[in-house]
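**Student:** mmCIF, C-alpha atoms and all ligand atoms, saved as protein_5.cif, coming up:
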```
data_query
loop_
_atom_site.label_atom_id
_atom_site.label_comp_id
_atom_site.auth_asym_id
_atom_site.auth_seq_id
_atom_site.Cartn_x
_atom_site.Cartn_y
_atom_site.Cartn_z
CA MET G 1 -1.00 29.17 -23.18
CA THR G 2 1.74 28.75 -20.60
CA LYS G 3 1.76 25.26 -19.07
CA GLN G 4 1.82 25.14 -15.26
CA VAL G 5 4.22 22.37 -14.30
CA ALA G 6 4.69 20.44 -11.05
CA ILE G 7 7.85 18.33 -10.85
CA LEU G 8 7.79 15.39 -8.44
CA GLY G 9 11.45 14.57 -7.86
CA SER G 10 12.94 17.83 -9.15
CA THR G 11 16.34 17.19 -7.53
CA GLY G 12 16.93 13.93 -9.40
CA SER G 13 18.34 13.25 -12.83
CA ILE G 14 14.99 13.51 -14.66
CA GLY G 15 13.95 16.49 -12.52
CA VAL G 16 17.10 18.44 -13.33
CA ASN G 17 16.78 17.64 -17.05
CA THR G 18 13.14 18.76 -16.96
CA LEU G 19 14.14 22.09 -15.43
CA ASP G 20 16.80 22.43 -18.11
CA VAL G 21 14.17 22.19 -20.86
CA ILE G 22 11.79 24.52 -19.00
CA ARG G 23 14.57 27.07 -18.43
CA ALA G 24 14.94 27.43 -22.20
CA HIS G 25 11.21 28.11 -22.72
CA PRO G 26 9.95 30.55 -20.08
CA ASP G 27 7.16 31.65 -22.44
CA ARG G 28 5.76 28.09 -22.60
CA PHE G 29 6.27 26.61 -19.14
CA LYS G 30 5.93 27.92 -15.59
CA VAL G 31 7.05 25.83 -12.60
CA VAL G 32 4.40 25.84 -9.86
CA ALA G 33 5.60 23.01 -7.60
CA LEU G 34 8.92 21.32 -6.92
CA THR G 35 9.43 18.32 -4.68
CA ALA G 36 12.58 16.69 -3.35
CA GLY G 37 13.47 13.96 -0.90
CA LYS G 38 16.62 14.96 0.97
CA GLN G 39 18.59 17.33 -1.24
CA VAL G 40 17.52 20.56 0.43
CA GLU G 41 20.31 22.77 -0.93
CA ARG G 42 19.62 21.75 -4.50
CA LEU G 43 15.89 22.33 -4.01
CA ALA G 44 16.59 25.74 -2.48
CA GLU G 45 18.58 26.76 -5.56
CA GLN G 46 15.78 25.53 -7.82
CA CYS G 47 13.19 27.48 -5.81
CA ILE G 48 15.20 30.67 -6.08
CA GLU G 49 15.45 30.28 -9.84
CA PHE G 50 11.92 29.06 -10.63
CA GLN G 51 9.87 30.53 -7.75
CA PRO G 52 7.22 27.79 -7.39
CA GLU G 53 4.05 28.16 -5.30
CA ILE G 54 4.83 24.96 -3.37
CA ALA G 55 8.05 23.17 -2.42
CA VAL G 56 8.12 19.80 -0.66
CA VAL G 57 10.80 17.83 1.19
CA THR G 58 10.54 14.58 3.15
CA GLU G 59 11.54 15.59 6.69
CA VAL G 60 10.08 18.28 8.96
CA GLN G 61 13.49 19.68 9.95
CA ASP G 62 14.50 20.03 6.28
CA ALA G 63 11.25 21.91 5.63
CA ALA G 64 12.02 24.34 8.47
CA ARG G 65 15.52 24.91 7.11
CA LEU G 66 14.24 25.46 3.57
CA GLU G 67 11.46 27.79 4.68
CA LYS G 68 13.85 29.96 6.67
CA PHE G 69 16.26 30.14 3.77
CA LEU G 70 13.57 31.06 1.21
CA LEU G 71 12.00 33.68 3.49
CA ALA G 72 15.40 35.30 3.91
CA LYS G 73 15.53 35.56 0.09
CA GLY G 74 12.09 37.19 0.06
CA LEU G 75 10.34 34.17 -1.51
CA ARG G 76 6.73 33.31 -0.63
CA THR G 77 6.93 29.65 -1.66
CA LYS G 78 4.82 27.46 0.63
CA VAL G 79 7.13 24.80 2.11
CA LEU G 80 5.57 21.45 3.05
CA TYR G 81 6.91 18.06 4.08
CA GLY G 82 6.03 14.36 4.08
CA PRO G 83 4.24 11.95 1.71
CA GLN G 84 0.84 13.71 1.84
CA ALA G 85 2.48 16.98 0.82
CA LEU G 86 3.53 15.34 -2.46
CA VAL G 87 -0.18 14.95 -3.21
CA THR G 88 -0.83 18.55 -2.18
CA ALA G 89 1.87 19.67 -4.62
CA VAL G 90 -0.16 18.02 -7.39
CA THR G 91 -3.66 19.01 -6.30
CA GLU G 92 -3.17 22.51 -4.87
CA SER G 93 -0.41 24.15 -6.87
CA GLY G 94 -2.60 25.02 -9.85
CA CYS G 95 -0.57 22.74 -12.13
CA ASP G 96 -1.95 21.28 -15.34
CA THR G 97 1.12 19.12 -16.04
CA VAL G 98 2.91 16.78 -13.64
CA MET G 99 6.36 15.34 -14.24
CA ALA G 100 6.29 12.12 -12.19
CA ALA G 101 10.03 11.63 -11.56
CA ILE G 102 10.29 10.32 -8.01
CA VAL G 103 12.20 7.07 -8.01
CA GLY G 104 10.48 3.89 -6.84
CA ALA G 105 7.28 3.15 -4.96
CA ALA G 106 7.46 6.50 -3.11
CA GLY G 107 6.09 8.08 -6.30
CA LEU G 108 2.98 5.91 -6.55
CA VAL G 109 0.47 7.87 -4.47
CA PRO G 110 1.19 11.37 -5.87
CA THR G 111 1.36 10.01 -9.43
CA LEU G 112 -2.02 8.34 -8.94
CA ALA G 113 -3.33 11.63 -7.56
CA ALA G 114 -2.19 13.38 -10.74
CA ALA G 115 -3.98 10.75 -12.83
CA GLN G 116 -7.19 11.11 -10.81
CA ALA G 117 -7.07 14.90 -11.02
CA GLY G 118 -6.99 14.86 -14.84
CA LYS G 119 -3.50 16.34 -15.21
CA ARG G 120 -1.19 15.75 -18.13
CA VAL G 121 1.00 13.08 -16.55
CA LEU G 122 4.57 12.84 -17.82
CA LEU G 123 5.44 9.40 -16.54
CA ALA G 124 9.10 8.74 -15.73
CA ASN G 125 8.34 6.86 -12.49
CA LYS G 126 7.82 3.45 -14.13
CA GLU G 127 7.66 1.72 -10.74
CA ALA G 128 4.29 3.42 -10.08
CA LEU G 129 2.78 1.89 -13.21
CA VAL G 130 4.43 -1.50 -12.62
CA MET G 131 2.90 -1.66 -9.15
CA SER G 132 -0.57 -0.44 -9.96
CA GLY G 133 -1.01 -0.95 -13.75
CA ASN G 134 -4.74 -1.51 -14.03
CA LEU G 135 -5.64 0.88 -11.23
CA PHE G 136 -3.44 3.61 -12.66
CA MET G 137 -4.79 3.30 -16.22
CA GLN G 138 -8.36 3.40 -14.86
CA ALA G 139 -7.51 6.51 -12.83
CA MET G 140 -6.12 8.17 -15.97
CA GLN G 141 -9.26 7.32 -17.86
CA ARG G 142 -11.56 8.61 -15.12
CA GLY G 143 -9.48 11.76 -14.64
CA GLY G 144 -9.54 12.45 -18.38
CA GLY G 145 -5.97 13.79 -18.57
CA GLU G 146 -3.22 12.87 -21.02
CA LEU G 147 -0.60 10.26 -20.23
CA LEU G 148 2.75 10.77 -21.94
CA PRO G 149 5.55 8.28 -21.35
CA ILE G 150 8.95 9.79 -20.58
CA ASP G 151 11.00 6.60 -20.44
CA SER G 152 12.92 6.94 -23.71
CA GLU G 153 11.73 3.55 -25.01
CA HIS G 154 8.04 4.20 -24.38
CA ASN G 155 8.34 7.75 -25.60
CA ALA G 156 9.88 6.34 -28.79
CA ILE G 157 7.00 3.88 -29.22
CA PHE G 158 4.51 6.65 -28.54
CA GLN G 159 6.18 8.64 -31.31
CA CYS G 160 5.98 5.63 -33.69
CA LEU G 161 2.26 5.08 -33.11
CA PRO G 162 -0.51 7.21 -34.61
CA ASN G 163 -1.76 9.98 -32.28
CA GLY G 164 -4.17 9.01 -29.53
CA PHE G 165 -2.65 5.57 -29.00
CA ALA G 166 -4.56 4.86 -25.83
CA LYS G 167 -7.98 5.37 -27.38
CA VAL G 168 -7.72 2.87 -30.24
CA PRO G 169 -6.91 -0.86 -29.89
CA GLN G 170 -3.45 -1.45 -31.35
CA SER G 171 -4.71 -4.42 -33.37
CA SER G 172 -6.94 -2.12 -35.40
CA LEU G 173 -3.91 0.07 -36.15
CA GLY G 174 -2.06 -2.89 -37.61
CA VAL G 175 0.51 -3.03 -34.82
CA GLU G 176 2.11 -6.49 -34.62
CA GLU G 177 4.95 -6.03 -32.12
CA LEU G 178 6.73 -3.49 -29.96
CA TRP G 179 10.52 -3.80 -29.81
CA LEU G 180 12.04 -2.26 -26.70
CA THR G 181 15.75 -1.63 -27.17
CA ALA G 182 18.26 -2.04 -24.33
CA SER G 183 21.92 -1.11 -24.24
CA GLY G 184 22.71 -4.21 -22.19
CA GLY G 185 24.33 -2.00 -19.55
CA PRO G 186 27.95 -2.01 -18.40
CA PHE G 187 28.20 -5.82 -18.07
CA ARG G 188 26.87 -6.84 -21.45
CA ASP G 189 30.20 -8.48 -22.35
CA THR G 190 31.78 -8.99 -18.90
CA PRO G 191 32.86 -12.62 -18.40
CA LEU G 192 30.19 -14.28 -16.24
CA GLU G 193 32.75 -15.36 -13.60
CA GLN G 194 33.61 -11.68 -12.96
CA LEU G 195 30.03 -10.65 -12.17
CA ALA G 196 30.23 -11.84 -8.55
CA GLY G 197 32.68 -9.08 -7.64
CA ILE G 198 30.85 -6.15 -9.26
CA THR G 199 30.88 -3.00 -7.09
CA PRO G 200 28.17 -0.29 -6.90
CA ALA G 201 30.50 2.18 -8.65
CA GLN G 202 30.96 -0.23 -11.56
CA ALA G 203 27.23 -0.92 -11.78
CA CYS G 204 26.39 2.79 -11.80
CA ALA G 205 28.82 3.58 -14.63
CA HIS G 206 26.38 3.18 -17.50
CA PRO G 207 28.06 3.27 -20.92
CA ASN G 208 25.53 5.60 -22.62
CA TRP G 209 23.16 7.26 -20.14
CA VAL G 210 23.72 9.39 -17.01
CA MET G 211 20.96 8.46 -14.56
CA GLY G 212 20.07 8.07 -10.88
CA LYS G 213 21.73 5.22 -8.98
CA LYS G 214 18.72 2.92 -8.69
CA ILE G 215 17.88 2.93 -12.41
CA SER G 216 21.60 2.56 -13.22
CA VAL G 217 21.79 -0.68 -11.21
CA ASP G 218 18.49 -1.80 -12.76
CA SER G 219 20.02 -1.20 -16.19
CA ALA G 220 23.06 -3.28 -15.26
CA THR G 221 20.88 -6.23 -14.14
CA MET G 222 18.33 -5.52 -16.91
CA MET G 223 15.58 -5.44 -14.29
CA ASN G 224 14.99 -2.01 -15.79
CA LYS G 225 14.04 -3.59 -19.13
CA GLY G 226 11.79 -6.05 -17.34
CA LEU G 227 9.99 -3.19 -15.58
CA GLU G 228 9.73 -1.48 -18.96
CA VAL G 229 8.08 -4.53 -20.53
CA ILE G 230 5.41 -4.35 -17.82
CA GLU G 231 5.15 -0.58 -18.32
CA ALA G 232 4.67 -1.08 -22.09
CA PHE G 233 2.02 -3.72 -21.46
CA TRP G 234 -0.10 -1.23 -19.52
CA LEU G 235 0.60 1.80 -21.68
CA PHE G 236 0.02 0.27 -25.08
CA GLY G 237 -2.43 -2.56 -24.32
CA LEU G 238 -0.70 -5.27 -26.39
CA PRO G 239 -0.42 -8.90 -25.20
CA LEU G 240 2.88 -9.59 -23.43
CA GLU G 241 4.10 -11.96 -26.15
CA LYS G 242 4.04 -9.05 -28.60
CA ILE G 243 6.45 -6.98 -26.51
CA LYS G 244 10.04 -7.92 -27.34
CA VAL G 245 13.44 -6.84 -26.00
CA LEU G 246 16.43 -6.26 -28.27
CA ILE G 247 19.97 -5.51 -27.16
CA HIS G 248 21.20 -2.44 -29.03
CA PRO G 249 24.50 -1.29 -27.50
CA GLN G 250 24.67 2.09 -29.26
CA SER G 251 21.42 3.47 -27.67
CA VAL G 252 20.55 5.38 -30.83
CA VAL G 253 17.33 3.58 -31.78
CA HIS G 254 15.22 4.15 -28.68
CA SER G 255 12.55 1.58 -29.63
CA MET G 256 10.46 0.38 -32.58
CA VAL G 257 6.99 -0.63 -33.70
CA ARG G 258 6.51 -3.42 -36.23
CA TYR G 259 3.36 -3.12 -38.31
CA ARG G 260 1.32 -5.74 -40.13
CA ASP G 261 2.31 -4.48 -43.60
CA GLY G 262 6.03 -5.12 -42.96
CA SER G 263 6.90 -1.56 -41.91
CA VAL G 264 9.05 -1.07 -38.83
CA LEU G 265 9.04 2.47 -37.44
CA ALA G 266 11.92 3.49 -35.17
CA GLN G 267 12.59 6.65 -33.23
CA MET G 268 16.26 7.63 -33.09
CA GLY G 269 18.20 10.28 -31.27
CA GLN G 270 21.03 11.00 -28.88
CA PRO G 271 20.85 9.17 -25.53
CA ASP G 272 19.69 12.37 -23.81
CA MET G 273 16.53 12.39 -21.69
CA ARG G 274 15.82 16.00 -22.63
CA THR G 275 14.40 14.75 -25.96
CA PRO G 276 11.54 12.67 -24.46
CA ILE G 277 11.05 15.25 -21.69
CA ALA G 278 10.68 18.10 -24.21
CA TYR G 279 8.33 15.97 -26.29
CA GLY G 280 6.15 15.20 -23.28
CA LEU G 281 6.05 18.81 -22.14
CA SER G 282 5.21 20.29 -25.52
CA TRP G 283 3.26 17.48 -27.24
CA PRO G 284 1.76 17.62 -29.86
CA GLU G 285 4.25 20.35 -30.74
CA ARG G 286 8.02 20.02 -30.63
CA VAL G 287 10.42 22.45 -28.99
CA ASP G 288 14.20 22.79 -28.90
CA ALA G 289 15.41 20.39 -26.20
CA GLY G 290 19.02 21.59 -26.18
CA VAL G 291 20.11 18.19 -27.51
CA ALA G 292 22.98 17.86 -30.00
CA PRO G 293 21.84 16.74 -33.46
CA LEU G 294 22.30 13.08 -34.28
CA ASN G 295 24.98 12.49 -36.89
CA LEU G 296 24.35 9.05 -38.36
CA ALA G 297 27.38 9.25 -40.65
CA GLN G 298 29.62 9.40 -37.57
CA LEU G 299 28.24 6.15 -36.16
CA ALA G 300 30.23 3.09 -37.13
CA ALA G 301 27.27 0.71 -36.90
CA LEU G 302 23.92 0.00 -35.32
CA SER G 303 23.67 -3.55 -34.04
CA PHE G 304 20.87 -5.62 -32.50
CA ALA G 305 20.81 -8.96 -30.66
CA GLU G 306 18.58 -11.09 -28.45
CA PRO G 307 19.22 -10.70 -24.69
CA ASP G 308 21.08 -13.52 -22.91
CA LEU G 309 18.70 -14.55 -20.11
CA ALA G 310 21.41 -16.53 -18.27
CA ARG G 311 23.40 -13.32 -17.89
CA PHE G 312 20.33 -11.30 -16.93
CA PRO G 313 18.15 -13.43 -14.59
CA CYS G 314 16.28 -10.29 -13.44
CA LEU G 315 14.84 -9.99 -16.93
CA SER G 316 13.42 -13.54 -16.72
CA LEU G 317 11.99 -12.79 -13.27
CA ALA G 318 10.25 -9.70 -14.60
CA PHE G 319 8.81 -11.65 -17.55
CA ALA G 320 7.51 -14.26 -15.08
CA ALA G 321 5.95 -11.60 -12.83
CA ALA G 322 4.38 -9.89 -15.83
CA LYS G 323 2.88 -13.20 -16.95
CA ALA G 324 1.57 -13.98 -13.46
CA GLY G 325 -0.05 -10.51 -13.30
CA GLY G 326 -2.06 -9.38 -10.24
CA THR G 327 0.23 -8.30 -7.41
CA SER G 328 3.30 -10.13 -8.81
CA PRO G 329 4.79 -7.04 -10.52
CA ALA G 330 4.39 -5.07 -7.25
CA ILE G 331 6.15 -7.88 -5.34
CA LEU G 332 8.94 -7.98 -7.93
CA ASN G 333 9.35 -4.22 -7.74
CA ALA G 334 9.42 -4.02 -3.94
CA ALA G 335 11.92 -6.86 -3.57
CA ASN G 336 14.11 -5.30 -6.24
CA GLU G 337 14.06 -1.86 -4.59
CA ILE G 338 15.22 -3.38 -1.29
CA ALA G 339 17.86 -5.59 -2.93
CA VAL G 340 19.25 -2.73 -5.03
CA ALA G 341 19.39 -0.42 -1.98
CA ALA G 342 21.28 -3.14 -0.06
CA PHE G 343 23.68 -3.61 -2.98
CA LEU G 344 24.29 0.16 -3.17
CA ASP G 345 25.00 0.13 0.60
CA GLU G 346 27.47 -2.69 -0.02
CA GLY G 347 25.35 -5.03 2.09
CA LEU G 348 24.49 -7.43 -0.73
CA PRO G 349 26.66 -8.87 -3.53
CA TYR G 350 25.61 -7.99 -7.08
CA LEU G 351 24.54 -11.52 -8.06
CA GLN G 352 22.33 -11.79 -4.97
CA ILE G 353 19.96 -9.08 -6.26
CA ALA G 354 18.22 -11.56 -8.57
CA LYS G 355 18.29 -14.26 -5.87
CA VAL G 356 16.51 -12.02 -3.33
CA VAL G 357 13.87 -11.04 -5.88
CA GLU G 358 13.32 -14.66 -6.84
CA GLN G 359 12.96 -15.79 -3.21
CA VAL G 360 10.42 -13.07 -2.45
CA LEU G 361 8.42 -13.80 -5.61
CA ASN G 362 8.33 -17.49 -4.68
CA ALA G 363 7.30 -16.78 -1.09
CA ILE G 364 4.32 -14.48 -1.68
CA PRO G 365 1.40 -15.77 -3.74
CA SER G 366 0.02 -13.43 -6.38
CA SER G 367 -3.45 -11.99 -5.75
CA ASN G 368 -5.76 -9.45 -7.39
CA ALA G 369 -4.24 -5.95 -7.50
CA ASP G 370 -7.65 -4.34 -7.32
CA SER G 371 -7.13 -1.63 -4.70
CA LEU G 372 -4.39 0.73 -3.59
CA GLU G 373 -4.61 -0.75 -0.08
CA THR G 374 -3.90 -4.26 -1.40
CA ILE G 375 -0.97 -3.03 -3.47
CA LEU G 376 0.57 -1.04 -0.59
CA SER G 377 0.12 -3.95 1.80
CA VAL G 378 1.77 -6.43 -0.59
CA ASP G 379 4.54 -3.90 -1.22
CA ALA G 380 5.22 -3.67 2.55
CA GLN G 381 5.13 -7.47 2.93
CA ALA G 382 7.58 -7.98 0.05
CA ARG G 383 9.95 -5.32 1.41
CA LYS G 384 10.02 -6.95 4.84
CA LEU G 385 10.63 -10.40 3.39
CA ALA G 386 13.41 -9.10 1.12
CA GLN G 387 15.01 -7.43 4.14
CA ASP G 388 14.81 -10.74 6.08
CA PHE G 389 16.44 -12.67 3.23
CA ILE G 390 19.21 -10.07 3.02
CA CYS G 391 19.84 -10.25 6.79
CA LYS G 392 20.12 -14.04 6.60
CA HIS G 393 22.46 -13.80 3.65
N1 LIG Z 1 17.40 9.09 -15.11
C1 LIG Z 1 16.94 8.68 -16.27
O1 LIG Z 1 17.58 8.90 -17.30
C2 LIG Z 1 15.63 7.92 -16.36
C3 LIG Z 1 15.23 7.44 -17.60
C4 LIG Z 1 14.00 6.81 -17.69
C5 LIG Z 1 13.20 6.64 -16.57
N2 LIG Z 1 13.63 7.11 -15.38
C6 LIG Z 1 12.78 6.91 -14.20
O2 LIG Z 1 12.54 8.17 -13.60
C7 LIG Z 1 12.46 8.03 -12.18
C8 LIG Z 1 13.51 8.95 -11.56
O3 LIG Z 1 14.79 8.51 -11.93
P1 LIG Z 1 16.09 9.38 -11.67
O4 LIG Z 1 17.18 8.70 -12.40
O5 LIG Z 1 15.79 10.81 -11.98
O6 LIG Z 1 16.28 9.16 -10.11
P2 LIG Z 1 17.13 10.03 -9.08
O7 LIG Z 1 18.16 10.81 -9.79
O8 LIG Z 1 17.57 9.10 -8.01
O9 LIG Z 1 16.06 11.06 -8.50
C9 LIG Z 1 14.97 10.62 -7.74
C10 LIG Z 1 14.15 11.79 -7.24
O10 LIG Z 1 13.15 11.28 -6.35
C11 LIG Z 1 13.29 11.93 -5.06
N3 LIG Z 1 12.94 10.96 -4.04
C12 LIG Z 1 13.56 9.79 -3.76
N4 LIG Z 1 12.94 9.15 -2.75
C13 LIG Z 1 11.91 9.94 -2.37
C14 LIG Z 1 10.91 9.84 -1.35
N5 LIG Z 1 10.86 8.78 -0.52
N6 LIG Z 1 10.02 10.84 -1.25
C15 LIG Z 1 10.06 11.91 -2.07
N7 LIG Z 1 10.98 12.07 -3.05
C16 LIG Z 1 11.90 11.09 -3.20
C17 LIG Z 1 14.75 12.34 -4.99
O11 LIG Z 1 14.93 13.37 -4.04
P3 LIG Z 1 16.38 13.68 -3.33
O12 LIG Z 1 17.42 13.38 -4.35
O13 LIG Z 1 16.23 15.13 -2.98
O14 LIG Z 1 16.46 12.81 -2.12
C18 LIG Z 1 14.95 12.81 -6.44
O15 LIG Z 1 14.40 14.09 -6.63
C19 LIG Z 1 12.71 6.55 -11.88
O16 LIG Z 1 11.47 5.91 -11.73
C20 LIG Z 1 13.41 6.04 -13.12
O17 LIG Z 1 13.16 4.67 -13.36
C21 LIG Z 1 14.83 7.74 -15.25
#
```
As structure tokens, please, write out the structure in this file.
**Tutor:**
Amino acid sequence: MTKQVAILGSTGSIGVNTLDVIRAHPDRFKVVALTAGKQVERLAEQCIEFQPEIAVVTEVQDAARLEKFLLAKGLRTKVLYGPQALVTAVTESGCDTVMAAIVGAAGLVPTLAAAQAGKRVLLANKEALVMSGNLFMQAMQRGGGELLPIDSEHNAIFQCLPNGFAKVPQSSLGVEELWLTASGGPFRDTPLEQLAGITPAQACAHPNWVMGKKISVDSATMMNKGLEVIEAFWLFGLPLEKIKVLIHPQSVVHSMVRYRDGSVLAQMGQPDMRTPIAYGLSWPERVDAGVAPLNLAQLAALSFAEPDLARFPCLSLAFAAAKAGGTSPAILNAANEIAVAAFLDEGLPYLQIAKVVEQVLNAIPSSNADSLETILSVDAQARKLAQDFICKH
């Protein structure tokens, strides 16, 4: 049966890669909703090619422009705008599968809506799970849909676990540890004294992956890996101390599971997001993802090392927030989003990203993250505080 797919964040890096996989399999996947933030031209091109029922942008004037353009092309796509329209794209497009690929907290509400509505949720938007972990997993359970991780590390772990990972406690499967691999980003070996002068262009030039700007900076600071540890905690239900990070500069082993009997299962592949995207879309089957085959004989070596926490203070901050639990991960995430945006705007030096996050985490006490209202209110408070710290900087 053809899967009906809604893509939240279709104009971004994950969105474009998702459409690339779908384009190759018109018999398997039909696009029913596409959402963008500001890239109206790119969304217009996508609508012309994939003819969704619903298209969403952020601003009213962009919606008017898009609607006029699509009508002139004879398309009957319903054009909507604003945050609530992202939920409508999930609940009223007739989709059964949702690619959650909006970056940051903006993706939380529509991703939760997909969970509640029992869709197959392809989760790229890790920030949504970091902010709302318990609430989100409960919504998935109540909705009864399938949750498939798209982050390459979590997708790798999913592939290394027996089917139905969420339904069986990992301890009864003999799982001892999860090893999340990390390339270490562009500054893995940069002398520490040079880090102060890092520019946004340098931080966004990831050695192995081509990604959106925010996740590229997060990879450089390794906040990304910290967010992924929290993501793994919620997805796989293992205690935090059993989730380890390993630097693996070649980005070939995407992550591993160590079992009680001494076996370590790894998933390997090219650093190309189309592999986990294709797996999520077609699971439990596998389809051609358009990815070049991996040639192990051409690789000089695969190496692994412990991360240097002095070089990557954001990783320590994420571990601390994960350990504190409650609203701490949401506070960490909000402060980081603001600090990274300021760094990208050249309003904050690179090394201050971790400092801003630390100040905000210290200033707001952790509380129970038991409702969406609480999480959104803490998120707003942390953003404001981060902004204040940046202004004073
Ligand atoms: N890229 C990767 O390889 C990768 C790998 C693993 C996980 N992820 C995760 O996947 C998510 C997306 O990453 P990405 O690299 O694809 O990011 P990206 O290239 O920056 O794309 C983000 C998408 O979200 C949309 N968007 C941004 N703010 C929005 C808002 N306020 N309201 C509605 N839509 C909004 C953007 O729309 P416009 O561009 O039209 O404004 C774009 O479509 C992130 O959570 C990231 O951590 C990405």
**Student:** In Å, how far is it from CA of Met211 (chain G) to atom O16 of ligand LIG 1 (chain Z)?
**Tutor:**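 Rounded to one decimal, the two atoms are 10.2 Å apart.
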**Student:** Ranking G:Thr181, G:Gln39, G:Gln359, G:Gln138 by minimum distance to ligand LIG 1 (chain Z) and counting only C-alpha atoms and all ligand atoms, which one comes first?
**Tutor:**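 Of G:Thr181, G:Gln39, G:Gln359, G:Gln138, the one nearest ligand LIG 1 (chain Z) is G:Gln39, counting only C-alpha atoms and all ligand atoms.
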**Student:** Give me, please, the distance in Å between atom C1 of ligand LIG 1 (chain Z) and CA of Ala124 (chain G), quoted to one decimal.
**Tutor:** 7.9 Å
**Student:** As a quick test: using all atoms listed in the file, which residues lie no more than 7 Å away from ligand LIG 1 (chain Z)? Give them as number ranges by chain.
**Tutor:** G: 8-15, 35-40, 57-58, 83, 101-104, 106-107, 124-127, 150-152, 209-215, 273
**Student:** If you count only C-alpha atoms, which residues fall within 9 Å of Leu147 (chain G), apart from same-chain ones fewer than 4 positions away, as a list in words?
**Tutor:**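 My reading of the contact set: Ala115, Lys119, Arg120, Val121, Leu122, Leu123, Met140, Ala166, Leu235 and Gly280 of chain G.
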**Student:** Could you check the closest approach to Asp345 (chain G) for each of G:Gly269, G:Gly185, G:Pro191, G:Pro200 and tell me which residue wins, using only C-alpha atoms?
**Tutor:**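 The shortest atom-to-atom distance to Asp345 (chain G) comes from G:Pro200.
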**Student:** Restricting the calculation to only C-alpha atoms, which member of G:Leu332, G:Val31, G:Val253, G:Ile54 is positioned closest to Val378 (chain G)?
**Tutor:**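 For Val378 (chain G), the nearest of the candidates is G:Leu332.
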**Student:** So how far away is CA of Pro349 (chain G) from CA of Phe304 (chain G), in Å?
**Tutor:** 29.7 Å
**Student:** Name all residues at most 6 Å from Ser255 (chain G) (count only C-alpha atoms; drop same-chain ones fewer than 3 positions away) and give them as a list in words.
**Tutor:**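 Final neighbour list, sorted by chain and number: Glu153, Ala156, Trp179, Leu180, Thr181 and Ala266 of chain G.
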**Student:** Once you have the residues from the selection above, write them out as a PDB file, in the coordinates of the input, restricted to C-alpha atoms.
**Tutor:**
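Saved file out29.pdb follows:
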```pdb
ATOM      1  CA  GLU G 153      11.730   3.550 -25.010  1.00  0.00           C
ATOM      2  CA  ALA G 156       9.880   6.340 -28.790  1.00  0.00           C
ATOM      3  CA  TRP G 179      10.520  -3.800 -29.810  1.00  0.00           C
ATOM      4  CA  LEU G 180      12.040  -2.260 -26.700  1.00  0.00           C
ATOM      5  CA  THR G 181      15.750  -1.630 -27.170  1.00  0.00           C
ATOM      6  CA  ALA G 266      11.920   3.490 -35.170  1.00  0.00           C
TER       7      ALA G 266
END
```
**Student:** Need to verify the contact set: Thr97 (chain G), 12 Å, all atoms listed in the file, exclusion of same-chain residues closer than 4 positions in sequence. Can you return it as an NGL selection string?
**Tutor:** :G and (2-8 or 29-33 or 89-91 or 93 or 111 or 114-115 or 117-123 or 145-148 or 280-283)
**Student:** The selected residues should be written to file as a short mmCIF file (atom, residue, chain, number, x, y, z; two decimals), in the coordinates of the input (atoms: C-alpha atoms).
**Tutor:**
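This is the output file part.cif:
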```cif
data_model
loop_
_atom_site.label_atom_id
_atom_site.label_comp_id
_atom_site.auth_asym_id
_atom_site.auth_seq_id
_atom_site.Cartn_x
_atom_site.Cartn_y
_atom_site.Cartn_z
CA THR G 2 1.74 28.75 -20.60
CA LYS G 3 1.76 25.26 -19.07
CA GLN G 4 1.82 25.14 -15.26
CA VAL G 5 4.22 22.37 -14.30
CA ALA G 6 4.69 20.44 -11.05
CA ILE G 7 7.85 18.33 -10.85
CA LEU G 8 7.79 15.39 -8.44
CA PHE G 29 6.27 26.61 -19.14
CA LYS G 30 5.93 27.92 -15.59
CA VAL G 31 7.05 25.83 -12.60
CA VAL G 32 4.40 25.84 -9.86
CA ALA G 33 5.60 23.01 -7.60
CA ALA G 89 1.87 19.67 -4.62
CA VAL G 90 -0.16 18.02 -7.39
CA THR G 91 -3.66 19.01 -6.30
CA SER G 93 -0.41 24.15 -6.87
CA THR G 111 1.36 10.01 -9.43
CA ALA G 114 -2.19 13.38 -10.74
CA ALA G 115 -3.98 10.75 -12.83
CA ALA G 117 -7.07 14.90 -11.02
CA GLY G 118 -6.99 14.86 -14.84
CA LYS G 119 -3.50 16.34 -15.21
CA ARG G 120 -1.19 15.75 -18.13
CA VAL G 121 1.00 13.08 -16.55
CA LEU G 122 4.57 12.84 -17.82
CA LEU G 123 5.44 9.40 -16.54
CA GLY G 145 -5.97 13.79 -18.57
CA GLU G 146 -3.22 12.87 -21.02
CA LEU G 147 -0.60 10.26 -20.23
CA LEU G 148 2.75 10.77 -21.94
CA GLY G 280 6.15 15.20 -23.28
CA LEU G 281 6.05 18.81 -22.14
CA SER G 282 5.21 20.29 -25.52
CA TRP G 283 3.26 17.48 -27.24
#
```
**Student:** Point out the residue among G:Gln387, G:Ser132, G:Gln267, G:Asn295 with the least atom-to-atom distance to His154 (chain G), counting all atoms listed in the file.
**Tutor:** G:Gln267
**Student:** Using all atoms listed in the file, which residue out of G:Val264, G:Val109, G:Ala128, G:Leu385 lies closest to Ala363 (chain G)?
**Tutor:**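 Among the listed residues, G:Leu385 lies closest to Ala363 (chain G).
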**Student:** Could you tell me which of G:Ser183, G:Pro313, G:Leu227, G:Ala297 comes closest to Ile247 (chain G) if we count only C-alpha atoms?
**Tutor:**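 The closest residue to Ile247 (chain G) is G:Ser183.
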